[in-house]
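Undergrad: File final_6.txt follows (compact mmCIF, C-alpha atoms and all ligand atoms):
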# COMPACT_ATOMS: atom_id res chain seq x y z
CA MET L 791 135.75 -226.66 27.83
CA GLU L 792 136.36 -230.31 26.93
CA THR L 793 133.42 -232.58 27.76
CA LEU L 794 134.29 -235.81 29.48
CA HIS L 795 132.67 -238.69 27.59
CA PRO L 796 131.99 -242.02 29.28
CA TRP L 797 134.71 -243.61 27.11
CA HIS L 798 137.25 -241.45 28.89
CA LEU L 799 136.59 -243.41 32.05
CA ASP L 800 139.23 -246.00 32.86
CA PHE L 801 137.34 -249.25 33.52
CA SER L 802 140.54 -251.23 34.05
CA LYS L 803 140.72 -249.87 37.60
CA PRO L 804 138.09 -250.77 40.22
CA PRO L 805 136.08 -247.75 41.31
CA GLU L 806 137.48 -245.93 44.31
CA PRO L 807 135.27 -246.57 47.35
CA ALA L 808 133.54 -243.49 48.66
CA LEU L 809 135.60 -242.70 51.74
CA GLU L 810 133.09 -240.97 53.92
CA LEU L 811 133.85 -241.84 57.51
CA ARG L 812 130.95 -243.08 59.57
CA SER L 813 130.51 -241.52 62.99
CA ALA L 814 131.75 -243.37 66.08
CA PRO L 815 129.38 -246.32 66.66
CA VAL L 816 127.94 -247.81 69.82
CA VAL L 817 130.11 -250.91 70.21
CA SER L 818 129.10 -254.19 71.87
CA LEU L 819 131.92 -256.57 72.75
CA VAL L 820 130.46 -260.10 72.85
CA LEU L 821 132.32 -262.82 74.77
CA PRO L 822 131.00 -266.37 75.25
CA CYS L 823 132.28 -267.85 78.52
CA PHE L 824 132.25 -271.41 79.71
CA ASN L 825 133.85 -271.98 83.12
CA GLU L 826 136.10 -268.95 82.79
CA GLN L 827 136.37 -267.85 86.44
CA GLU L 828 140.19 -267.78 86.25
CA VAL L 829 140.36 -265.27 83.40
CA LEU L 830 137.28 -263.12 83.96
CA PRO L 831 138.81 -260.66 86.48
CA GLU L 832 141.69 -259.79 84.13
CA THR L 833 139.51 -259.85 81.01
CA THR L 834 137.03 -257.46 82.61
CA ARG L 835 139.79 -255.14 83.83
CA ARG L 836 141.36 -254.92 80.37
CA LEU L 837 138.05 -254.56 78.51
CA VAL L 838 136.76 -251.80 80.78
CA VAL L 839 140.02 -249.89 80.22
CA LEU L 840 139.77 -250.54 76.47
CA LEU L 841 136.20 -249.23 76.25
CA ASP L 842 137.15 -246.08 78.16
CA ARG L 843 140.07 -245.58 75.77
CA LEU L 844 137.91 -246.14 72.69
CA LYS L 845 135.38 -243.59 73.93
CA ALA L 846 138.11 -241.06 74.82
CA GLU L 847 139.65 -241.46 71.35
CA GLY L 848 136.25 -240.92 69.73
CA ARG L 849 136.22 -244.44 68.27
CA ALA L 850 133.25 -245.70 70.29
CA ALA L 851 130.10 -243.84 71.30
CA PRO L 852 128.61 -243.71 74.81
CA GLY L 853 126.47 -246.79 75.42
CA SER L 854 129.23 -249.12 74.26
CA ALA L 855 129.44 -252.13 76.56
CA ILE L 856 130.77 -255.62 77.23
CA TYR L 857 128.35 -258.56 76.92
CA TYR L 858 129.39 -261.80 78.56
CA VAL L 859 127.36 -264.85 77.53
CA ASP L 860 127.59 -267.50 80.22
CA ASP L 861 127.26 -270.77 78.34
CA GLY L 862 125.95 -272.84 81.28
CA SER L 863 129.11 -272.67 83.38
CA SER L 864 129.33 -274.85 86.47
CA ASP L 865 131.93 -272.69 88.26
CA CYS L 866 131.63 -269.10 89.58
CA THR L 867 131.54 -267.48 86.12
CA TRP L 868 127.96 -266.19 86.39
CA ARG L 869 128.45 -264.93 89.94
CA LEU L 870 131.50 -262.96 88.78
CA ILE L 871 129.63 -261.55 85.78
CA GLY L 872 126.85 -260.40 88.14
CA GLU L 873 129.39 -258.69 90.41
CA TYR L 874 131.09 -256.94 87.50
CA ALA L 875 127.71 -255.84 86.08
CA ALA L 876 126.89 -254.27 89.45
CA ALA L 877 130.31 -252.59 89.71
CA PHE L 878 130.77 -251.33 86.14
CA PRO L 879 127.99 -249.67 84.11
CA THR L 880 129.59 -251.02 80.92
CA VAL L 881 129.39 -254.73 81.85
CA CYS L 882 126.31 -256.82 81.05
CA GLY L 883 125.61 -260.54 81.25
CA ILE L 884 123.40 -263.07 79.49
CA LYS L 885 123.03 -266.50 81.05
CA LEU L 886 122.02 -269.47 78.92
CA SER L 887 119.87 -272.15 80.53
CA ARG L 888 122.57 -274.77 79.89
CA ASN L 889 125.76 -275.36 77.96
CA ARG L 890 124.91 -275.04 74.26
CA GLY L 891 128.42 -274.76 72.89
CA HIS L 892 130.58 -271.81 71.90
CA GLN L 893 128.91 -271.18 68.52
CA ASN L 894 125.37 -271.04 69.92
CA ALA L 895 126.49 -268.88 72.85
CA LEU L 896 128.17 -266.51 70.43
CA LEU L 897 125.10 -266.30 68.21
CA CYS L 898 122.94 -265.61 71.26
CA GLY L 899 125.26 -262.75 72.27
CA LEU L 900 125.23 -261.27 68.77
CA LEU L 901 121.46 -261.42 68.48
CA THR L 902 120.78 -260.16 72.01
CA ALA L 903 123.34 -257.39 72.48
CA PRO L 904 122.31 -253.96 71.21
CA GLY L 905 124.80 -251.66 69.47
CA GLU L 906 125.60 -250.61 65.93
CA VAL L 907 128.75 -252.66 65.85
CA LEU L 908 129.36 -256.06 67.45
CA VAL L 909 132.83 -257.42 68.08
CA SER L 910 133.04 -261.09 69.06
CA LEU L 911 136.06 -262.41 70.89
CA ASP L 912 137.09 -265.17 73.27
CA ALA L 913 137.12 -264.60 77.01
CA ASP L 914 140.62 -266.02 77.57
CA LEU L 915 142.52 -262.97 76.22
CA GLN L 916 144.04 -264.90 73.31
CA ASP L 917 142.56 -262.35 70.93
CA ASP L 918 144.63 -259.17 70.83
CA LEU L 919 142.58 -256.27 72.16
CA ASP L 920 144.83 -253.82 70.30
CA ALA L 921 143.32 -255.08 67.05
CA ILE L 922 139.88 -253.73 68.04
CA PRO L 923 140.65 -250.02 67.39
CA ARG L 924 141.94 -250.98 63.92
CA MET L 925 138.79 -253.04 63.29
CA LEU L 926 136.65 -250.06 64.29
CA ASP L 927 138.63 -247.83 61.93
CA ASP L 928 137.89 -250.27 59.10
CA TYR L 929 134.20 -250.17 60.00
CA ARG L 930 134.20 -246.39 59.92
CA ALA L 931 135.87 -246.51 56.52
CA GLY L 932 132.97 -248.60 55.21
CA SER L 933 133.52 -252.29 56.07
CA GLU L 934 130.50 -254.19 57.37
CA ILE L 935 132.51 -257.23 58.46
CA VAL L 936 136.13 -257.12 59.66
CA TYR L 937 137.93 -260.44 60.10
CA ALA L 938 140.76 -260.54 62.62
CA VAL L 939 143.29 -262.95 61.15
CA ARG L 940 146.21 -264.56 62.96
CA ARG L 941 149.57 -263.50 61.63
CA CYS L 942 151.21 -266.77 62.70
CA ARG L 943 150.54 -269.82 64.86
CA ALA L 944 153.68 -269.67 66.98
CA VAL L 945 151.81 -270.12 70.27
CA ASP L 946 150.04 -273.29 69.10
CA SER L 947 151.25 -276.81 69.70
CA PHE L 948 152.73 -278.63 66.71
CA PHE L 949 149.60 -280.78 66.46
CA LYS L 950 147.21 -277.82 66.58
CA ARG L 951 149.25 -275.88 64.02
CA CYS L 952 149.34 -278.74 61.52
CA SER L 953 145.72 -279.78 62.03
CA ALA L 954 144.40 -276.19 61.80
CA GLU L 955 146.34 -275.34 58.65
CA GLY L 956 145.48 -278.70 57.08
CA TYR L 957 141.84 -278.12 57.91
CA TYR L 958 141.69 -274.67 56.31
CA ARG L 959 143.32 -276.13 53.20
CA LEU L 960 140.85 -279.02 53.14
CA LEU L 961 137.93 -276.57 53.37
CA ALA L 962 139.35 -274.57 50.47
CA LEU L 963 139.80 -277.79 48.47
CA LEU L 964 136.20 -278.78 49.10
CA GLY L 965 135.03 -275.35 47.99
CA VAL L 966 133.99 -274.01 51.40
CA GLN L 967 134.54 -270.28 51.55
CA VAL L 968 136.30 -269.37 54.81
CA GLN L 969 138.81 -266.70 55.76
CA PHE L 970 142.19 -268.43 56.23
CA ASN L 971 143.45 -268.39 59.84
CA HIS L 972 140.39 -266.58 61.12
CA ALA L 973 138.34 -268.01 63.99
CA ASP L 974 135.57 -266.00 65.65
CA PHE L 975 137.36 -262.75 66.44
CA ARG L 976 135.47 -260.42 64.14
CA LEU L 977 133.55 -257.20 63.87
CA MET L 978 130.09 -257.15 62.34
CA SER L 979 127.82 -254.22 61.68
CA ARG L 980 124.27 -254.36 62.99
CA ARG L 981 123.08 -254.82 59.40
CA ALA L 982 125.31 -257.88 58.92
CA VAL L 983 124.26 -259.39 62.25
CA GLU L 984 120.58 -258.95 61.44
CA THR L 985 121.01 -260.99 58.24
CA LEU L 986 122.30 -263.85 60.41
CA ARG L 987 118.76 -264.21 61.74
CA ASP L 988 117.67 -265.50 58.33
CA TYR L 989 119.96 -268.54 58.66
CA GLU L 990 118.14 -271.13 60.71
CA GLU L 991 120.97 -273.66 60.88
CA THR L 992 120.63 -276.19 63.67
CA HIS L 993 124.38 -276.76 63.74
CA LEU L 994 126.29 -273.52 63.61
CA PHE L 995 129.68 -272.86 62.06
CA LEU L 996 129.80 -269.08 62.07
CA ARG L 997 133.16 -268.73 60.36
CA GLY L 998 131.64 -270.50 57.36
CA LEU L 999 128.32 -268.70 57.57
CA VAL L 1000 129.58 -265.12 57.84
CA PRO L 1001 131.41 -265.13 54.45
CA GLN L 1002 128.08 -266.13 52.87
CA LEU L 1003 126.50 -262.85 53.93
CA GLY L 1004 128.40 -260.75 51.42
CA TYR L 1005 128.85 -257.05 52.26
CA ARG L 1006 132.08 -255.17 52.21
CA THR L 1007 134.69 -256.99 54.29
CA SER L 1008 138.25 -256.35 55.37
CA VAL L 1009 141.01 -258.08 57.29
CA VAL L 1010 143.05 -256.96 60.27
CA GLU L 1011 146.07 -259.02 61.31
CA PHE L 1012 146.97 -259.79 64.91
CA ASP L 1013 149.28 -262.00 66.96
CA ARG L 1014 147.38 -264.51 69.02
CA ALA L 1015 148.59 -264.87 72.61
CA SER L 1016 148.45 -267.96 74.79
CA ARG L 1017 145.42 -268.47 77.02
CA PHE L 1018 145.76 -266.06 79.99
CA ALA L 1019 144.66 -268.62 82.60
CA GLY L 1020 142.60 -271.79 82.91
CA GLU L 1021 142.25 -274.69 80.50
CA SER L 1022 141.02 -274.78 76.92
CA LYS L 1023 137.27 -275.42 76.77
CA TYR L 1024 137.66 -276.97 73.34
CA PRO L 1025 138.86 -280.54 73.88
CA LEU L 1026 139.72 -282.61 70.81
CA ARG L 1027 136.21 -284.09 70.74
CA LYS L 1028 134.52 -280.65 70.48
CA MET L 1029 137.15 -279.47 68.01
CA LEU L 1030 136.55 -282.45 65.71
CA ALA L 1031 132.77 -281.95 65.96
CA LEU L 1032 133.15 -278.29 64.94
CA ALA L 1033 135.52 -279.21 62.11
CA TRP L 1034 133.05 -281.80 60.81
CA GLU L 1035 130.29 -279.20 61.03
CA GLY L 1036 132.36 -276.87 58.88
CA VAL L 1037 132.53 -279.47 56.13
CA THR L 1038 129.04 -280.95 56.22
CA SER L 1039 127.18 -277.66 56.68
CA PHE L 1040 128.74 -276.02 53.65
CA THR L 1041 129.45 -278.64 51.03
CA ALA L 1042 128.10 -281.91 49.72
CA SER L 1043 131.55 -282.71 48.29
CA PRO L 1044 132.09 -285.78 50.53
CA LEU L 1045 128.97 -287.33 48.99
CA ARG L 1046 130.28 -286.56 45.52
CA LEU L 1047 133.65 -288.01 46.45
CA ILE L 1048 131.87 -291.24 47.42
CA THR L 1049 130.18 -291.32 44.02
CA GLY L 1050 133.55 -290.70 42.35
CA ALA L 1051 135.19 -293.45 44.41
CA GLY L 1052 132.32 -295.79 43.51
CA VAL L 1053 132.80 -295.10 39.80
CA LEU L 1054 136.57 -295.62 40.06
CA VAL L 1055 136.26 -298.87 42.01
CA SER L 1056 133.61 -300.20 39.60
CA LEU L 1057 135.79 -299.36 36.60
CA GLY L 1058 138.78 -300.96 38.30
CA SER L 1059 136.88 -304.15 39.04
CA LEU L 1060 135.65 -304.31 35.42
CA LEU L 1061 139.25 -304.03 34.20
CA LEU L 1062 140.33 -306.67 36.71
CA THR L 1063 137.60 -309.02 35.51
CA ALA L 1064 138.63 -308.50 31.89
CA TRP L 1065 142.25 -309.22 32.83
CA ALA L 1066 141.33 -312.43 34.72
CA LEU L 1067 139.10 -313.59 31.85
CA GLY L 1068 141.85 -312.82 29.35
CA ILE L 1069 144.35 -314.96 31.24
CA ARG L 1070 141.81 -317.78 31.60
CA LEU L 1071 140.85 -317.74 27.90
CA PHE L 1072 144.15 -316.98 26.20
CA THR L 1073 146.76 -318.66 28.40
CA HIS L 1074 147.05 -321.97 30.21
CA GLU L 1075 147.34 -320.33 33.60
CA ALA L 1076 144.58 -319.48 36.06
CA VAL L 1077 144.67 -316.26 38.11
CA PRO L 1078 146.44 -317.34 41.23
CA GLY L 1079 146.01 -316.06 44.71
CA TRP L 1080 143.79 -315.78 47.62
CA ALA L 1081 145.08 -312.35 48.53
CA SER L 1082 143.88 -310.78 45.31
CA GLY L 1083 140.38 -311.94 46.15
CA VAL L 1084 140.21 -311.35 49.87
CA ILE L 1085 142.02 -308.01 50.26
CA PRO L 1086 139.74 -306.07 47.86
CA MET L 1087 136.77 -307.61 49.64
CA TYR L 1088 137.82 -306.20 53.02
CA LEU L 1089 138.92 -302.95 51.45
CA LEU L 1090 135.63 -302.48 49.66
CA GLY L 1091 133.74 -303.46 52.83
CA GLY L 1092 135.57 -300.70 54.67
CA VAL L 1093 134.95 -298.13 51.93
CA GLN L 1094 131.28 -299.07 51.83
CA LEU L 1095 130.88 -298.71 55.59
CA LEU L 1096 132.67 -295.37 55.54
CA SER L 1097 130.46 -294.20 52.69
CA LEU L 1098 127.33 -295.28 54.53
CA GLY L 1099 128.60 -293.42 57.59
CA ILE L 1100 129.08 -290.20 55.63
CA ILE L 1101 125.65 -290.51 54.02
CA GLY L 1102 124.24 -291.19 57.50
CA GLU L 1103 125.84 -288.02 58.83
CA TYR L 1104 124.13 -285.91 56.18
CA LEU L 1105 120.87 -287.70 56.81
CA ALA L 1106 121.22 -287.03 60.52
CA LYS L 1107 121.64 -283.34 59.72
CA VAL L 1108 118.40 -283.35 57.76
CA TYR L 1109 116.69 -285.14 60.66
CA GLU L 1110 118.00 -282.64 63.21
CA SER L 1111 116.99 -279.70 61.04
CA THR L 1112 113.43 -280.92 60.58
CA LYS L 1113 112.90 -280.72 64.35
CA LYS L 1114 113.65 -276.98 64.26
CA ARG L 1115 114.64 -276.94 67.92
CA PRO L 1116 115.76 -273.60 69.39
CA ARG L 1117 119.51 -273.13 69.52
CA PHE L 1118 119.57 -271.55 72.98
CA HIS L 1119 117.37 -270.34 75.82
CA VAL L 1120 118.27 -267.24 77.80
CA GLU L 1121 117.67 -267.86 81.50
CA VAL L 1122 118.44 -264.42 82.90
CA VAL L 1123 120.26 -261.21 81.96
CA CYS L 1124 121.99 -258.57 84.05
CA GLY L 1125 123.53 -255.13 83.54
CA ASN L 1126 122.54 -251.62 82.63
CA SER L 1127 121.54 -252.23 79.01
CA PHE L 1128 118.88 -254.71 80.04
CA ARG L 1129 117.27 -252.53 82.69
CA LYS L 1130 113.79 -251.41 81.68
CA ASP L 1131 114.31 -247.83 82.87
CA THR L 1132 117.47 -247.20 80.81
CA PRO L 1133 116.82 -245.27 77.61
N1 LIG L 1201 133.27 -271.58 75.11
C1 LIG L 1201 131.90 -271.56 75.30
N2 LIG L 1201 131.22 -272.74 75.34
C2 LIG L 1201 131.84 -273.95 75.22
C3 LIG L 1201 133.25 -273.96 74.99
C4 LIG L 1201 133.93 -272.75 74.94
O1 LIG L 1201 131.30 -270.49 75.43
O2 LIG L 1201 131.15 -274.97 75.27
C5 LIG L 1201 134.01 -270.31 75.07
C6 LIG L 1201 135.21 -270.20 76.02
O3 LIG L 1201 134.83 -269.79 77.30
C7 LIG L 1201 136.08 -269.17 75.29
C8 LIG L 1201 135.78 -269.44 73.82
O4 LIG L 1201 134.57 -270.19 73.78
O5 LIG L 1201 135.69 -267.85 75.60
C9 LIG L 1201 136.88 -270.24 73.15
O6 LIG L 1201 137.18 -271.38 73.91
P1 LIG L 1201 138.68 -271.80 74.27
O7 LIG L 1201 139.51 -270.59 74.49
O8 LIG L 1201 138.65 -272.78 75.41
O9 LIG L 1201 139.11 -272.54 72.92
P2 LIG L 1201 140.59 -272.66 72.32
O10 LIG L 1201 141.13 -271.27 72.23
O11 LIG L 1201 141.35 -273.52 73.26
O12 LIG L 1201 140.38 -273.29 70.98
MG MG L 1202 141.20 -269.89 73.69
Translate this file's structure into structure tokens.

TA:
Amino acid sequence: METLHPWHLDFSKPPEPALELRSAPVVSLVLPCFNEQEVLPETTRRLVVLLDRLKAEGRAAPGSAIYYVDDGSSDCTWRLIGEYAAAFPTVCGIKLSRNRGHQNALLCGLLTAPGEVLVSLDADLQDDLDAIPRMLDDYRAGSEIVYAVRRCRAVDSFFKRCSAEGYYRLLALLGVQVQFNHADFRLMSRRAVETLRDYEETHLFLRGLVPQLGYRTSVVEFDRASRFAGESKYPLRKMLALAWEGVTSFTASPLRLITGAGVLVSLGSLLLTAWALGIRLFTHEAVPGWASGVIPMYLLGGVQLLSLGIIGEYLAKVYESTKKRPRFHVEVVCGNSFRKDTP
């Protein structure tokens, strides 16, 4: 019989992944909610049906549940969560002591909810629930992180579409590793979530942090719907703050750009000086103009202030991080999973 030597192996092809299916996991669906009383009844109805379906299809194990994280809502969100937790054994709630922002609420949910697999999604039903079975299939085939990625941005306003796509391109240009058109609709294995604990970032930008974890990842595409009811809880101010976080938490490129601009401006001014001197020494004319003196002065003043602002922002981040303040406090929890007597 012919012996197979190592040089018979074809290294041009990547090795085939071992396709041993994992067994159906206990799934936790994690949904941060901030003043979501209008959507919660429908969200709960659809999620309870989905969990039943996943269990019937053998995709999710018993013990799978929904975890709402109330991010300091001022409407009836927490009361509704309490009612649903009493009515459905698969609904649980975690209430934060005050509004800490979507990213912190999401992290709290991920770190508090049990389960072998955690799927994070928004409470407003924009994320397509039909993508979840496909994400679970990817997990069972070996992925530790599954990104749900929007197929298109048809439901977004023109402004949101342009700004979002421009932003993802800017991040890529600055060298920040993010999954294009992916927000926070993703599946993570327990192992991946546990590694998140090692990142003690004061300002969170999970869609930038998760790609840093490594592990085997995959992508599932979905069509994002419009918000089912209620208003967006991400006004422009919060959106800009999150976008800025995405840049400053993952790259020092803006600081390097300032250095580059400084070098360019200095070189330019040296050339300008040489030109003015040349005219003065070798011709009978003087360099005319007030504008050529005053405009660069204002321009440089502006650039300097902007540069100081950017440096200040990074400094502020260092200052905030040194305080090591907790990112959230859980006030109270409800639901079966948190009862002491449940196994
Ligand atoms: N959210 C939150 N805390 C906040 C703002 C938003 O927990 O301070 C939640 C919100 O309830 C929703 C998700 O984050 O479940 C995404 O918010 P939203 O749908 O309003 O954002 P948009 O889709 O408009 O960008
Ligand atoms: Mg939304």

Undergrad: Counting only C-alpha atoms and all ligand atoms, which protein, DNA or RNA residues come within 10 Å of ligand LIG 1201 (chain L), given as a ChimeraX atom specification?

TA: /L:820-827,829-830,858-863,867,886,888-896,910-917,946,950,973-974,1014-1026,1028-1029

Undergrad: Could those selected residues go to a file with C-alpha atoms, as a tab-separated table (two decimals), in the frame of the given file?

TA:
chain	number	residue	atom	x	y	z
L	820	VAL	CA	130.46	-260.10	72.85
L	821	LEU	CA	132.32	-262.82	74.77
L	822	PRO	CA	131.00	-266.37	75.25
L	823	CYS	CA	132.28	-267.85	78.52
L	824	PHE	CA	132.25	-271.41	79.71
L	825	ASN	CA	133.85	-271.98	83.12
L	826	GLU	CA	136.10	-268.95	82.79
L	827	GLN	CA	136.37	-267.85	86.44
L	829	VAL	CA	140.36	-265.27	83.40
L	830	LEU	CA	137.28	-263.12	83.96
L	858	TYR	CA	129.39	-261.80	78.56
L	859	VAL	CA	127.36	-264.85	77.53
L	860	ASP	CA	127.59	-267.50	80.22
L	861	ASP	CA	127.26	-270.77	78.34
L	862	GLY	CA	125.95	-272.84	81.28
L	863	SER	CA	129.11	-272.67	83.38
L	867	THR	CA	131.54	-267.48	86.12
L	886	LEU	CA	122.02	-269.47	78.92
L	888	ARG	CA	122.57	-274.77	79.89
L	889	ASN	CA	125.76	-275.36	77.96
L	890	ARG	CA	124.91	-275.04	74.26
L	891	GLY	CA	128.42	-274.76	72.89
L	892	HIS	CA	130.58	-271.81	71.90
L	893	GLN	CA	128.91	-271.18	68.52
L	894	ASN	CA	125.37	-271.04	69.92
L	895	ALA	CA	126.49	-268.88	72.85
L	896	LEU	CA	128.17	-266.51	70.43
L	910	SER	CA	133.04	-261.09	69.06
L	911	LEU	CA	136.06	-262.41	70.89
L	912	ASP	CA	137.09	-265.17	73.27
L	913	ALA	CA	137.12	-264.60	77.01
L	914	ASP	CA	140.62	-266.02	77.57
L	915	LEU	CA	142.52	-262.97	76.22
L	916	GLN	CA	144.04	-264.90	73.31
L	917	ASP	CA	142.56	-262.35	70.93
L	946	ASP	CA	150.04	-273.29	69.10
L	950	LYS	CA	147.21	-277.82	66.58
L	973	ALA	CA	138.34	-268.01	63.99
L	974	ASP	CA	135.57	-266.00	65.65
L	1014	ARG	CA	147.38	-264.51	69.02
L	1015	ALA	CA	148.59	-264.87	72.61
L	1016	SER	CA	148.45	-267.96	74.79
L	1017	ARG	CA	145.42	-268.47	77.02
L	1018	PHE	CA	145.76	-266.06	79.99
L	1019	ALA	CA	144.66	-268.62	82.60
L	1020	GLY	CA	142.60	-271.79	82.91
L	1021	GLU	CA	142.25	-274.69	80.50
L	1022	SER	CA	141.02	-274.78	76.92
L	1023	LYS	CA	137.27	-275.42	76.77
L	1024	TYR	CA	137.66	-276.97	73.34
L	1025	PRO	CA	138.86	-280.54	73.88
L	1026	LEU	CA	139.72	-282.61	70.81
L	1028	LYS	CA	134.52	-280.65	70.48
L	1029	MET	CA	137.15	-279.47	68.01

Undergrad: Would you mind listing what lies within 9 Å of Val881 of chain L as a PyMOL selection string, with only C-alpha atoms counted and same-chain residues fewer than 5 positions away left out?

TA: chain L and resi 834+838+855-858+871-872+874-876+1124-1127

Undergrad: Calculated over all atoms listed in the file, which of the candidates L:Val1123, L:Ala877, L:Ala931, L:Val1037 has the smallest distance to Glu1103 of chain L?

TA: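 Of all the options, L:Val1037 lies closest to Glu1103 of chain L.
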
Undergrad: Tell me, in Å to one decimal, how far atom CA of Leu996 of chain L is from atom CA of Pro923 of chain L.

TA: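 Answer for the atom CA of Leu996 of chain L to atom CA of Pro923 of chain L separation: 22.6 Å.
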
Undergrad: Go ahead and compute the interatomic distance for atom CA of Leu840 of chain L and atom CA of Asn971 of chain L, in Å to one decimal.

TA: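 Distance between the two atoms: 24.7 Å.
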
Undergrad: For a quick check of understanding, using only C-alpha atoms, which of L:Gly1083, L:Phe995, L:Val1009, L:Tyr957 has the smallest distance to Thr1063 of chain L?

TA: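 Once distances to Thr1063 of chain L are computed over only C-alpha atoms, the minimum belongs to L:Gly1083.
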
Undergrad: Counting only C-alpha atoms, figure out which residue out of L:Ser854, L:Thr1073, L:Ser1008, L:Thr992 gets nearest to Pro879 of chain L.

TA: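 When distances to Pro879 of chain L are compared using only C-alpha atoms, the smallest one comes from L:Ser854.
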
Undergrad: Which of these residues is nearest to ligand MG 1202 (chain L), using only C-alpha atoms and all ligand atoms: L:Ser1059, L:Glu1121, L:Val1093, L:Val945?

TA: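 Looking at the shortest contact to ligand MG 1202 (chain L), the residue is L:Val945.
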
Undergrad: Please indicate the distance in Å from atom CA of Leu901 of chain L to atom CA of Arg812 of chain L, rounded to one decimal place.

TA: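 Distance reported for this atom pair: 22.5 Å.
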
Undergrad: Using all atoms listed in the file, which residue out of L:Met925, L:Leu1054, L:Cys952, L:Val839 lies closest to Phe878 of chain L?

TA: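 Among L:Met925, L:Leu1054, L:Cys952, L:Val839, it is L:Val839 that comes nearest to Phe878 of chain L.
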